[in-house]
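**Student:** Input file: protein.tsv. Contents: TSV, C-alpha atoms.
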```tsv
chain	number	residue	atom	x	y	z
A	1	MET	CA	0.00	0.00	0.00
A	2	LEU	CA	2.83	2.41	0.89
A	3	LYS	CA	4.49	1.73	-2.46
A	4	LYS	CA	1.24	2.43	-4.28
A	5	LEU	CA	0.79	5.67	-2.33
A	6	SER	CA	4.36	6.73	-3.18
A	7	ILE	CA	3.76	6.12	-6.89
A	8	LEU	CA	0.46	8.01	-6.73
A	9	MET	CA	2.12	10.88	-4.89
A	10	THR	CA	4.88	11.01	-7.50
A	11	ILE	CA	2.33	11.20	-10.30
A	12	CYS	CA	0.49	13.96	-8.46
A	13	LEU	CA	3.70	15.91	-7.95
A	14	LEU	CA	4.61	15.55	-11.61
A	15	SER	CA	1.15	16.71	-12.62
A	16	TYR	CA	1.45	19.66	-10.27
A	17	ALA	CA	4.84	20.56	-11.75
A	18	VAL	CA	3.43	20.50	-15.28
A	19	CYS	CA	0.49	22.65	-14.21
A	20	SER	CA	2.84	25.04	-12.43
A	21	PHE	CA	4.92	25.49	-15.58
A	22	ALA	CA	1.75	26.16	-17.58
A	23	GLU	CA	0.53	28.69	-15.02
A	24	ASN	CA	3.91	30.42	-14.91
A	25	VAL	CA	4.34	30.90	-18.65
A	26	ASP	CA	2.60	34.27	-18.67
A	27	GLU	CA	4.44	35.34	-15.52
A	28	VAL	CA	7.79	34.69	-17.19
A	29	ILE	CA	6.72	36.45	-20.39
A	30	ASP	CA	5.38	39.41	-18.39
A	31	LYS	CA	8.77	39.72	-16.67
A	32	ASN	CA	10.48	39.54	-20.06
A	33	MET	CA	8.29	42.38	-21.34
A	34	GLU	CA	9.01	44.39	-18.19
A	35	ALA	CA	12.76	43.78	-18.51
A	36	ARG	CA	12.70	44.95	-22.13
A	37	GLY	CA	11.11	48.24	-21.10
A	38	GLY	CA	7.43	47.45	-20.78
A	39	LEU	CA	4.76	46.13	-23.12
A	40	ASP	CA	3.13	49.56	-23.47
A	41	LYS	CA	6.37	51.10	-24.75
A	42	ILE	CA	6.98	48.21	-27.14
A	43	ASN	CA	3.44	48.45	-28.52
A	44	ALA	CA	3.74	52.22	-28.86
A	45	LEU	CA	6.70	51.99	-31.26
A	46	THR	CA	5.86	52.86	-34.85
A	47	SER	CA	9.23	52.16	-36.47
A	48	MET	CA	12.83	51.23	-35.78
A	49	LYS	CA	16.12	51.78	-37.63
A	50	LEU	CA	19.25	49.84	-36.73
A	51	THR	CA	22.65	50.76	-38.17
A	52	GLY	CA	25.78	48.71	-37.61
A	53	GLN	CA	28.48	46.42	-38.90
A	54	MET	CA	28.30	42.76	-39.86
A	55	ILE	CA	31.45	40.68	-39.61
A	56	MET	CA	31.41	38.27	-42.51
A	57	PRO	CA	32.68	34.66	-42.25
A	58	GLN	CA	35.92	35.79	-43.94
A	59	GLY	CA	36.43	38.40	-41.20
A	60	ASP	CA	35.58	41.43	-43.36
A	61	LYS	CA	33.20	44.11	-42.06
A	62	ALA	CA	30.11	45.12	-43.99
A	63	PRO	CA	27.80	48.05	-43.14
A	64	ILE	CA	24.24	46.93	-42.48
A	65	VAL	CA	21.01	48.87	-41.97
A	66	VAL	CA	17.64	47.44	-40.99
A	67	TYR	CA	14.41	49.42	-41.29
A	68	GLN	CA	11.27	48.14	-39.63
A	69	LYS	CA	7.82	49.72	-39.53
A	70	ARG	CA	4.41	48.62	-38.36
A	71	PRO	CA	2.47	46.66	-39.21
A	72	HIS	CA	4.70	44.31	-41.25
A	73	PHE	CA	7.33	46.29	-43.15
A	74	VAL	CA	11.02	45.28	-43.20
A	75	ARG	CA	13.98	46.37	-45.33
A	76	LEU	CA	17.58	45.20	-44.87
A	77	GLU	CA	20.52	46.71	-46.76
A	78	LEU	CA	23.97	45.08	-46.67
A	79	LYS	CA	26.91	46.72	-48.42
A	80	TYR	CA	30.00	44.67	-49.25
A	81	LYS	CA	32.79	45.25	-51.75
A	82	GLY	CA	30.91	48.02	-53.51
A	83	LEU	CA	27.69	46.04	-53.89
A	84	THR	CA	24.42	46.40	-51.98
A	85	ARG	CA	22.08	43.55	-51.20
A	86	VAL	CA	18.47	44.39	-50.34
A	87	ASP	CA	15.96	42.12	-48.62
A	88	ALA	CA	12.50	43.55	-48.06
A	89	PHE	CA	8.87	42.80	-47.27
A	90	ASP	CA	5.94	45.18	-47.63
A	91	GLY	CA	3.41	43.01	-45.86
A	92	GLN	CA	2.45	41.36	-49.14
A	93	THR	CA	5.50	40.54	-51.28
A	94	PRO	CA	8.90	39.40	-49.98
A	95	TRP	CA	11.56	40.47	-52.47
A	96	MET	CA	15.29	40.93	-52.87
A	97	ILE	CA	18.09	42.42	-54.94
A	98	ASN	CA	21.18	40.21	-54.68
A	99	PRO	CA	24.13	41.38	-56.77
A	100	PHE	CA	26.33	38.84	-54.99
A	101	LYS	CA	24.47	36.22	-57.04
A	102	GLY	CA	25.00	38.21	-60.22
A	103	SER	CA	21.62	39.95	-60.43
A	104	SER	CA	20.73	43.61	-59.90
A	105	VAL	CA	17.09	43.03	-60.81
A	106	PRO	CA	14.47	42.98	-58.02
A	107	GLN	CA	12.96	39.53	-57.70
A	108	GLU	CA	10.54	37.74	-55.45
A	109	MET	CA	12.19	35.61	-52.79
A	110	HIS	CA	12.48	31.85	-52.73
A	111	ALA	CA	9.99	30.35	-50.28
A	112	ASP	CA	12.59	29.62	-47.57
A	113	ASP	CA	14.00	33.14	-47.60
A	114	ALA	CA	10.50	34.59	-47.77
A	115	LYS	CA	9.53	32.74	-44.61
A	116	ASP	CA	12.54	34.19	-42.77
A	117	ILE	CA	11.86	37.83	-43.62
A	118	MET	CA	8.13	37.47	-43.02
A	119	GLU	CA	8.94	36.19	-39.55
A	120	GLN	CA	11.33	39.11	-39.04
A	121	SER	CA	8.48	41.49	-39.85
A	122	ASP	CA	6.79	40.51	-36.60
A	123	PHE	CA	7.33	43.79	-34.76
A	124	GLY	CA	8.65	43.09	-31.26
A	125	GLY	CA	9.02	39.36	-31.82
A	126	PRO	CA	6.77	36.33	-31.24
A	127	LEU	CA	6.52	36.72	-27.45
A	128	VAL	CA	4.92	40.17	-27.69
A	129	ASN	CA	1.11	39.77	-27.64
A	130	TYR	CA	1.69	36.11	-28.52
A	131	LYS	CA	-1.90	35.00	-27.99
A	132	GLU	CA	-3.29	37.67	-30.32
A	133	LYS	CA	-0.77	36.58	-32.96
A	134	GLY	CA	-1.88	32.95	-32.72
A	135	ASN	CA	1.40	31.73	-31.23
A	136	LYS	CA	1.60	29.10	-28.52
A	137	VAL	CA	4.20	29.27	-25.74
A	138	GLU	CA	5.20	26.52	-23.30
A	139	LEU	CA	7.55	26.83	-20.36
A	140	LEU	CA	9.89	23.83	-20.42
A	141	GLY	CA	11.56	24.74	-17.14
A	142	LYS	CA	14.99	25.96	-16.14
A	143	GLU	CA	18.42	24.82	-17.26
A	144	ASP	CA	22.03	25.97	-17.12
A	145	LEU	CA	23.40	27.72	-20.17
A	146	ALA	CA	26.84	29.34	-20.48
A	147	GLY	CA	27.34	29.11	-16.74
A	148	GLY	CA	24.03	30.60	-15.67
A	149	PRO	CA	20.37	29.62	-15.24
A	150	VAL	CA	17.88	30.34	-18.03
A	151	TYR	CA	14.19	29.77	-18.61
A	152	LYS	CA	13.52	27.69	-21.71
A	153	LEU	CA	10.39	28.53	-23.69
A	154	LYS	CA	9.07	26.55	-26.62
A	155	VAL	CA	7.29	28.85	-29.04
A	156	THR	CA	5.08	27.37	-31.73
A	157	LEU	CA	4.40	30.07	-34.28
A	158	ARG	CA	1.08	30.42	-36.03
A	159	SER	CA	2.77	28.95	-39.10
A	160	GLY	CA	3.61	25.79	-37.13
A	161	ASP	CA	7.34	26.52	-37.00
A	162	ILE	CA	9.01	26.06	-33.62
A	163	ARG	CA	11.46	28.37	-31.89
A	164	TYR	CA	13.16	28.00	-28.51
A	165	PHE	CA	13.75	31.10	-26.41
A	166	PHE	CA	16.22	31.08	-23.54
A	167	LEU	CA	15.66	33.93	-21.07
A	168	ASP	CA	18.24	34.90	-18.45
A	169	ALA	CA	16.70	33.75	-15.16
A	170	GLU	CA	18.12	36.78	-13.34
A	171	ASN	CA	17.16	39.68	-15.59
A	172	TYR	CA	14.59	37.92	-17.87
A	173	LEU	CA	16.15	39.33	-21.05
A	174	ASP	CA	16.50	37.19	-24.19
A	175	PHE	CA	19.81	35.32	-24.09
A	176	LYS	CA	19.49	32.87	-26.99
A	177	ILE	CA	16.98	31.97	-29.68
A	178	THR	CA	17.19	28.60	-31.43
A	179	ARG	CA	15.46	27.65	-34.63
A	180	VAL	CA	15.65	24.75	-37.03
A	181	VAL	CA	15.69	25.65	-40.71
A	182	LYS	CA	15.35	23.33	-43.67
A	183	ARG	CA	17.31	24.01	-46.82
A	184	GLU	CA	17.10	21.59	-49.74
A	185	GLY	CA	15.74	18.86	-47.47
A	186	THR	CA	18.46	19.24	-44.81
A	187	GLU	CA	17.65	20.51	-41.32
A	188	THR	CA	20.10	22.84	-39.60
A	189	LYS	CA	19.90	24.23	-36.07
A	190	ILE	CA	20.75	27.93	-35.91
A	191	ASP	CA	21.40	29.77	-32.64
A	192	THR	CA	21.15	33.53	-32.23
A	193	LEU	CA	22.99	34.84	-29.16
A	194	LEU	CA	22.06	38.29	-27.83
A	195	SER	CA	24.28	40.35	-25.51
A	196	ASP	CA	25.59	43.83	-24.62
A	197	TYR	CA	22.15	45.18	-23.80
A	198	GLU	CA	21.84	48.95	-23.61
A	199	GLU	CA	18.89	51.10	-22.60
A	200	ILE	CA	17.76	53.33	-25.47
A	201	ASN	CA	14.76	55.59	-24.89
A	202	GLY	CA	13.61	53.34	-22.08
A	203	LEU	CA	13.90	50.08	-24.04
A	204	MET	CA	16.62	47.45	-23.66
A	205	VAL	CA	18.34	46.63	-26.94
A	206	PRO	CA	20.99	43.92	-27.55
A	207	LEU	CA	23.83	45.61	-29.43
A	208	SER	CA	25.75	42.38	-30.10
A	209	VAL	CA	24.21	39.56	-32.11
A	210	TYR	CA	25.98	36.29	-32.90
A	211	VAL	CA	24.45	33.81	-35.31
A	212	LYS	CA	25.99	30.34	-35.40
A	213	THR	CA	25.33	26.73	-36.23
A	214	GLY	CA	27.15	24.33	-33.94
A	215	GLU	CA	30.52	25.97	-33.29
A	216	GLN	CA	30.59	27.71	-36.66
A	217	ILE	CA	29.80	31.44	-36.49
A	218	LEU	CA	27.74	32.43	-39.52
A	219	ASN	CA	27.88	36.13	-38.83
A	220	GLN	CA	28.24	38.69	-36.08
A	221	ILE	CA	26.44	42.02	-35.96
A	222	THR	CA	27.27	44.99	-33.78
A	223	TRP	CA	24.61	47.70	-33.74
A	224	GLU	CA	26.19	51.14	-33.52
A	225	ASN	CA	23.01	53.23	-33.65
A	226	VAL	CA	19.39	52.38	-32.82
A	227	GLU	CA	16.60	54.86	-33.55
A	228	PHE	CA	12.89	54.58	-32.74
A	229	ASP	CA	9.87	56.18	-34.40
A	230	VAL	CA	11.83	57.29	-37.47
A	231	PRO	CA	9.62	58.56	-40.34
A	232	MET	CA	9.61	55.99	-43.16
A	233	ASP	CA	7.63	56.05	-46.39
A	234	ASP	CA	5.83	52.81	-47.21
A	235	SER	CA	7.24	52.94	-50.75
A	236	MET	CA	10.75	52.05	-49.56
A	237	PHE	CA	9.51	48.57	-48.64
A	238	LYS	CA	7.77	47.85	-51.94
A	239	MET	CA	9.43	45.96	-54.77
A	240	PRO	CA	10.50	48.31	-57.61
A	241	THR	CA	8.36	48.11	-60.71
A	242	GLU	CA	11.08	46.50	-62.86
A	243	VAL	CA	10.01	43.14	-64.27
A	244	PRO	CA	10.57	40.66	-61.38
A	245	GLN	CA	12.27	37.30	-61.73
A	246	THR	CA	11.53	34.21	-59.68
A	247	SER	CA	14.38	33.62	-57.24
A	248	ARG	CA	15.76	30.11	-57.32
A	249	SER	CA	18.59	30.57	-54.91
A	250	ASN	CA	19.40	32.49	-51.73
```
Spit out the file's structure as structure tokens when you get a sec.
**Tutor:**
Amino acid sequence: MLKKLSILMTICLLSYAVCSFAENVDEVIDKNMEARGGLDKINALTSMKLTGQMIMPQGDKAPIVVYQKRPHFVRLELKYKGLTRVDAFDGQTPWMINPFKGSSVPQEMHADDAKDIMEQSDFGGPLVNYKEKGNKVELLGKEDLAGGPVYKLKVTLRSGDIRYFFLDAENYLDFKITRVVKREGTETKIDTLLSDYEEINGLMVPLSVYVKTGEQILNQITWENVEFDVPMDDSMFKMPTEVPQTSRSN
């Protein structure tokens, strides 16, 4: 009888733990919003411009600028060796100009690239107002990462794609985001590491961004200037009227 009671108690405790995680998901997210500067301030933003340097795999530096505007506008410009690559989304059409692939003609993005920039157009990220966006978030518990405790969140996007967010358990800021991407039938895990947070107009912004797969660093970005509520015309996000080509490569 004692053994049966112990097993039953264990099951009850496990059930309670699962329920506790579920109940604490919103508490953790609320603390993340508070740590970032507050949900009201995040929701009040109309646009954002980030200017910085990207360190390429070869070690060269390339100027990079990202423009983002509500509701779903994004434009990225990367200059390297006299050429400028543009990736953009106007809420309807994801498009690109990629002279590094030998084309200066605007063209609609390949489906994989389109999915990436459409996800990037989510102003504030998938944790902000996640229920209204149709995302699902689960708290998987705590674990040690890089010598410190983090909360691990599993985020299932409305599209069905899954992301893992690791929040610093002390300050509740985003520490790492993990996603699995599929290219040509092969799955690759990509980690984005965020650090060097600085308060800008009351909001915490990570000025250092590392993107890697395994131990291989894909790129590193250092933001040198971050501006909020910058006037931006919608036309800068729309694909130029030149005859588009279908993109068959990144």
**Student:** Could you give me, as JSON, numbers by chain, the residues within 9 Å of Gly37 of chain A, counting only C-alpha atoms and dropping anything in the same chain fewer than 3 positions from it?
**Tutor:** {"A": [32, 33, 34, 40, 41, 42, 199, 202, 203, 204]}
**Student:** May I have the residues within 8 Å of segment 89-97 of chain A as a list in words, using all atoms listed in the file and disregarding those fewer than 2 positions away in the same chain?
**Tutor:**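 Skipping anything fewer than 2 positions along the chain leaves Pro71, His72, Phe73, Val74, Arg75, Arg85, Val86, Asp87, Pro99, Ser103, Ser104, Val105, Pro106, Gln107, Glu108, Met109, Ala114, Ile117, Met118, Ser121, Asp234, Phe237, Lys238 and Met239 of chain A.
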**Student:** Which residues of segment 109-191 of chain A come within 10 Å of segment 56-68 of chain A, and for each one, what is the closest pair of atoms and their distance in Å to one decimal, counting all atoms listed in the file, sorted by chain and residue number, as a Markdown table?
**Tutor:**
```
| residue | atom | partner | partner_atom | distance |
| --- | --- | --- | --- | --- |
| A:Gln120 | CA | A:Gln68 | CA | 9.0 |
| A:Ser121 | CA | A:Gln68 | CA | 7.2 |
| A:Asp122 | CA | A:Gln68 | CA | 9.4 |
| A:Phe123 | CA | A:Gln68 | CA | 7.6 |
```
**Student:** Write out as a PyMOL selection string each polymer residue whose atoms come within 6 Å of segment 176-192 of chain A, counting only C-alpha atoms; drop sequence neighbours fewer than 5 positions from it.
**Tutor:** chain A and resi 163-166+210-213
**Student:** Using all atoms listed in the file, can you tell me which of A:Thr46, A:Asn171, A:Gln53, A:Asn135 comes closest to Gly148 of chain A?
**Tutor:**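 Smallest separation from Gly148 of chain A among the options: A:Asn171.
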**Student:** Atom CA of Glu138 of chain A and atom CA of Lys115 of chain A are how many Å apart?
**Tutor:**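 Atom CA of Lys115 of chain A lies at a distance of 22.6 Å from atom CA of Glu138 of chain A.
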**Student:** Leaving out Lys152 of chain A and any residue of its chain fewer than 2 positions from it, which residues lie within 12 Å of it when counting only C-alpha atoms, given as a PDB file with C-alpha atoms, keeping the file's coordinate frame?
**Tutor:**
```
ATOM      1  CA  PHE A  21       4.920  25.490 -15.580  1.00  0.00           C
ATOM      2  CA  VAL A  25       4.340  30.900 -18.650  1.00  0.00           C
ATOM      3  CA  VAL A  28       7.790  34.690 -17.190  1.00  0.00           C
ATOM      4  CA  ILE A  29       6.720  36.450 -20.390  1.00  0.00           C
ATOM      5  CA  VAL A 137       4.200  29.270 -25.740  1.00  0.00           C
ATOM      6  CA  GLU A 138       5.200  26.520 -23.300  1.00  0.00           C
ATOM      7  CA  LEU A 139       7.550  26.830 -20.360  1.00  0.00           C
ATOM      8  CA  LEU A 140       9.890  23.830 -20.420  1.00  0.00           C
ATOM      9  CA  GLY A 141      11.560  24.740 -17.140  1.00  0.00           C
ATOM     10  CA  LYS A 142      14.990  25.960 -16.140  1.00  0.00           C
ATOM     11  CA  GLU A 143      18.420  24.820 -17.260  1.00  0.00           C
ATOM     12  CA  ASP A 144      22.030  25.970 -17.120  1.00  0.00           C
ATOM     13  CA  LEU A 145      23.400  27.720 -20.170  1.00  0.00           C
ATOM     14  CA  PRO A 149      20.370  29.620 -15.240  1.00  0.00           C
ATOM     15  CA  VAL A 150      17.880  30.340 -18.030  1.00  0.00           C
ATOM     16  CA  LYS A 154       9.070  26.550 -26.620  1.00  0.00           C
ATOM     17  CA  VAL A 155       7.290  28.850 -29.040  1.00  0.00           C
ATOM     18  CA  ARG A 163      11.460  28.370 -31.890  1.00  0.00           C
ATOM     19  CA  TYR A 164      13.160  28.000 -28.510  1.00  0.00           C
ATOM     20  CA  PHE A 165      13.750  31.100 -26.410  1.00  0.00           C
ATOM     21  CA  PHE A 166      16.220  31.080 -23.540  1.00  0.00           C
ATOM     22  CA  LEU A 167      15.660  33.930 -21.070  1.00  0.00           C
ATOM     23  CA  ASP A 168      18.240  34.900 -18.450  1.00  0.00           C
ATOM     24  CA  ALA A 169      16.700  33.750 -15.160  1.00  0.00           C
ATOM     25  CA  TYR A 172      14.590  37.920 -17.870  1.00  0.00           C
ATOM     26  CA  LEU A 173      16.150  39.330 -21.050  1.00  0.00           C
ATOM     27  CA  ASP A 174      16.500  37.190 -24.190  1.00  0.00           C
ATOM     28  CA  PHE A 175      19.810  35.320 -24.090  1.00  0.00           C
ATOM     29  CA  LYS A 176      19.490  32.870 -26.990  1.00  0.00           C
ATOM     30  CA  ILE A 177      16.980  31.970 -29.680  1.00  0.00           C
ATOM     31  CA  THR A 178      17.190  28.600 -31.430  1.00  0.00           C
TER      32      THR A 178
END
```
**Student:** Work out how far apart atom CA of Glu224 of chain A and atom CA of Thr51 of chain A are and give it in Å to one decimal.
**Tutor:**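 Rounded to one decimal, the two atoms are 5.9 Å apart.
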**Student:** Figure out the distance between atom CA of Gln220 of chain A and atom CA of Phe100 of chain A, please, to one decimal in Å.
**Tutor:**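 Pair atom CA of Phe100 of chain A / atom CA of Gln220 of chain A returns 19.0 Å.
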**Student:** My list of candidates is A:Met236, A:Leu76, A:Leu194, A:Ile162. Which is closest to Pro206 of chain A when distances are computed with only C-alpha atoms?
**Tutor:** A:Leu194
**Student:** Quick one: of A:Ala111, A:Leu207, A:Leu50, A:Ala88, who's nearest to Pro240 of chain A, counting all atoms listed in the file?
**Tutor:**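 That would be A:Ala88, the residue with the smallest distance to Pro240 of chain A.
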